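Taking it in order: structure first as structure tokens, then the write-up.
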Amino acid sequence: MAMTGAWTGMILIAAIYGLAAGNAAAVGAAAAEGAAAAVTLGARMLGAVMFWSGVMEVMARAGFTAALSKRLRPLLYRLFPSSRTDPALAEALSLNVSANLLGLGNAATPAGVTAAVRLRHHGTGDRASDELCRLAVMNTASIQLLPTTVAALRSSLGAADAFDILPAVWVTSLISVTAGLLAERGFSRLT
């Protein structure tokens, strides 16, 4: 809700400033051009998102995601102790992390929401539990082995090699998750 207000406010300020400066025609042309570019980009990315979602489904049916989830469980049990006694939580966390590792943010969202709801039941009162905060950090920063959504965006914009960013993605995502988890741990000790 806050982001909606922020974006709406920025657009209104830009439009009012453009009108006050006598650039109404330029503002209108830029708005129309931006809308057309957004639709074109969305159409280009739709195919890639559908492709990678299909790949995720094939991997799930072939048992790859289940095997990956099984291998992630020991780590997830340490990060989320509640998942030891809640199999549905463990499954949702495993699916969320697996989809994020594969760069499928769209596919990770439903599992992340399910895990957040289950973690909410493990919390007390109106305060988010440490595990819920940890999930938010991990889901936001997410380590990605294959940044498929970013690669699809790069490909749609004409990149010669959409995956040439892999080393940079691996390093930065590992650093961001580590920094996020350390910050979460530090803030949880302050409260």
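Ordering of the structure tokens sets the chain letters (A, B, ...); residue numbers start at 1 within each chain; ligands are numbered from 1 in the order shown.
Excluding Asn106 of chain A itself and any same-chain residue fewer than 5 positions from it, the protein and nucleic acid residues within 10 Å of it, counting only C-alpha atoms, are Val49, Trp52, Ser53, Ala99, Asn100, Ala111 and Thr149 of chain A.
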Tell me which protein, DNA and RNA residues are within 12 Å of Gly103 of chain A, counting only C-alpha atoms, leaving out same-chain ones fewer than 5 positions away, and put them as a count of residues only. 29
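Pairwise distance (atom CA of Ser69 of chain A, atom CA of Ser94 of chain A) equals 4.8 Å.
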Please, what distance in Å, to one decimal, runs between atom CA of Ala36 of chain A and atom CA of Ala107 of chain A? 26.8 Å
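Considering the residues A:Ala62, A:Ala48, A:Leu41, A:Glu131 and counting only C-alpha atoms, Ser83 of chain A has its shortest atom-to-atom contact with A:Glu131.
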Between A:Leu68, A:Ala35, A:Val177, A:Ala128, which is the closest to Thr191 of chain A once you count only C-alpha atoms? A:Ala128
Check segment 7-169 of chain A with DSSP on the backbone and list each residue it calls alpha helix (DSSP H), as a ChimeraX atom specification. /A:7-20,24-62,64-79,87-101,105-122,130-141,148-156,166-169
Using C-alpha atoms, can you write the selected residues to a file as a CSV table (one decimal), in the first residue's frame?
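Contents of part.csv, freshly written:
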```csv
chain,number,residue,atom,x,y,z
A,7,TRP,CA,4.6,5.7,-7.0
A,8,THR,CA,1.4,7.6,-7.4
A,9,GLY,CA,3.0,10.6,-5.6
A,10,MET,CA,6.0,10.6,-7.9
A,11,ILE,CA,3.9,10.4,-11.0
A,12,LEU,CA,1.7,13.2,-9.8
A,13,ILE,CA,4.7,15.4,-8.9
A,14,ALA,CA,6.3,14.8,-12.3
A,15,ALA,CA,3.1,15.5,-14.1
A,16,ILE,CA,2.4,18.7,-12.2
A,17,TYR,CA,6.0,19.9,-12.7
A,18,GLY,CA,5.8,19.1,-16.4
A,19,LEU,CA,2.6,21.1,-16.7
A,20,ALA,CA,4.0,24.0,-14.7
A,24,ALA,CA,2.6,19.0,-21.2
A,25,ALA,CA,3.2,17.5,-24.6
A,26,ALA,CA,6.5,16.0,-23.6
A,27,VAL,CA,5.0,14.6,-20.4
A,28,GLY,CA,2.1,13.0,-22.4
A,29,ALA,CA,4.5,11.6,-25.0
A,30,ALA,CA,6.8,10.2,-22.3
A,31,ALA,CA,3.9,8.6,-20.5
A,32,ALA,CA,2.6,6.9,-23.7
A,33,GLU,CA,6.1,5.8,-24.7
A,34,GLY,CA,6.7,4.3,-21.2
A,35,ALA,CA,3.4,2.5,-21.2
A,36,ALA,CA,4.1,1.0,-24.6
A,37,ALA,CA,7.6,0.0,-23.5
A,38,ALA,CA,6.2,-1.7,-20.4
A,39,VAL,CA,3.7,-3.7,-22.4
A,40,THR,CA,6.4,-4.8,-24.9
A,41,LEU,CA,8.8,-5.8,-22.1
A,42,GLY,CA,6.0,-7.7,-20.3
A,43,ALA,CA,5.1,-9.6,-23.5
A,44,ARG,CA,8.8,-10.5,-24.1
A,45,MET,CA,9.3,-11.7,-20.5
A,46,LEU,CA,6.0,-13.6,-20.4
A,47,GLY,CA,7.4,-16.3,-22.7
A,48,ALA,CA,10.6,-16.6,-20.7
A,49,VAL,CA,8.7,-16.8,-17.4
A,50,MET,CA,6.3,-19.4,-18.8
A,51,PHE,CA,9.3,-21.4,-20.1
A,52,TRP,CA,11.1,-21.4,-16.7
A,53,SER,CA,7.9,-22.2,-14.9
A,54,GLY,CA,7.5,-25.1,-17.2
A,55,VAL,CA,11.1,-26.2,-16.5
A,56,MET,CA,10.3,-26.0,-12.8
A,57,GLU,CA,7.2,-28.2,-13.3
A,58,VAL,CA,9.2,-30.8,-15.2
A,59,MET,CA,11.9,-30.7,-12.5
A,60,ALA,CA,9.3,-31.2,-9.9
A,61,ARG,CA,7.7,-34.2,-11.7
A,62,ALA,CA,11.1,-35.7,-12.3
A,64,PHE,CA,14.7,-33.0,-8.8
A,65,THR,CA,13.1,-30.4,-6.6
A,66,ALA,CA,12.1,-33.1,-4.0
A,67,ALA,CA,15.7,-34.3,-4.0
A,68,LEU,CA,17.0,-30.7,-3.6
A,69,SER,CA,14.5,-30.1,-0.9
A,70,LYS,CA,15.6,-33.2,0.9
A,71,ARG,CA,19.2,-32.1,0.8
A,72,LEU,CA,18.3,-28.6,2.1
A,73,ARG,CA,16.4,-29.9,5.1
A,74,PRO,CA,19.4,-30.2,7.5
A,75,LEU,CA,20.3,-26.6,6.9
A,76,LEU,CA,16.7,-25.5,7.1
A,77,TYR,CA,16.2,-27.3,10.4
A,78,ARG,CA,19.1,-25.3,11.8
A,79,LEU,CA,17.8,-22.0,10.5
A,87,PRO,CA,6.3,-31.2,8.2
A,88,ALA,CA,4.1,-28.7,6.2
A,89,LEU,CA,6.4,-25.9,7.2
A,90,ALA,CA,9.5,-27.9,6.3
A,91,GLU,CA,8.0,-28.6,2.8
A,92,ALA,CA,7.1,-25.0,2.2
A,93,LEU,CA,10.5,-23.8,3.3
A,94,SER,CA,12.2,-26.3,1.1
A,95,LEU,CA,10.2,-25.4,-2.0
A,96,ASN,CA,10.7,-21.7,-1.4
A,97,VAL,CA,14.5,-22.0,-1.1
A,98,SER,CA,14.7,-24.4,-4.0
A,99,ALA,CA,12.7,-22.1,-6.3
A,100,ASN,CA,14.9,-19.2,-5.2
A,101,LEU,CA,18.1,-21.1,-5.8
A,105,GLY,CA,11.0,-15.9,-7.8
A,106,ASN,CA,7.4,-16.2,-9.2
A,107,ALA,CA,7.4,-19.9,-8.3
A,108,ALA,CA,8.9,-19.3,-4.9
A,109,THR,CA,6.2,-16.8,-3.8
A,110,PRO,CA,3.4,-19.3,-3.0
A,111,ALA,CA,5.7,-21.5,-0.9
A,112,GLY,CA,7.1,-18.5,0.8
A,113,VAL,CA,3.6,-17.2,1.7
A,114,THR,CA,2.7,-20.7,3.0
A,115,ALA,CA,5.8,-20.9,5.1
A,116,ALA,CA,5.2,-17.3,6.5
A,117,VAL,CA,1.7,-18.2,7.5
A,118,ARG,CA,2.9,-21.4,9.2
A,119,LEU,CA,5.7,-19.5,11.0
A,120,ARG,CA,3.1,-16.9,12.1
A,121,HIS,CA,1.4,-19.6,14.1
A,122,HIS,CA,4.7,-20.3,15.9
A,130,ASP,CA,12.8,-14.5,14.7
A,131,GLU,CA,12.2,-17.3,12.3
A,132,LEU,CA,9.6,-15.3,10.3
A,133,CYS,CA,12.1,-12.4,10.1
A,134,ARG,CA,14.8,-14.8,9.0
A,135,LEU,CA,12.5,-16.1,6.2
A,136,ALA,CA,11.8,-12.6,5.1
A,137,VAL,CA,15.5,-11.9,4.9
A,138,MET,CA,16.3,-15.1,3.1
A,139,ASN,CA,13.5,-14.8,0.7
A,140,THR,CA,14.3,-11.2,-0.2
A,141,ALA,CA,18.1,-11.7,-0.5
A,148,THR,CA,16.4,-17.2,-14.7
A,149,THR,CA,14.2,-14.2,-14.3
A,150,VAL,CA,17.1,-11.8,-14.7
A,151,ALA,CA,18.4,-13.8,-17.6
A,152,ALA,CA,15.0,-13.6,-19.3
A,153,LEU,CA,15.0,-9.9,-18.8
A,154,ARG,CA,18.5,-9.5,-20.2
A,155,SER,CA,17.6,-11.7,-23.2
A,156,SER,CA,14.5,-9.8,-23.9
A,166,LEU,CA,26.5,-15.9,-13.2
A,167,PRO,CA,29.8,-15.3,-11.2
A,168,ALA,CA,28.7,-11.8,-10.1
A,169,VAL,CA,25.2,-13.1,-9.2
```
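Note that the spacing between atom CA of Phe80 of chain A and atom CA of Ser188 of chain A amounts to 14.1 Å.
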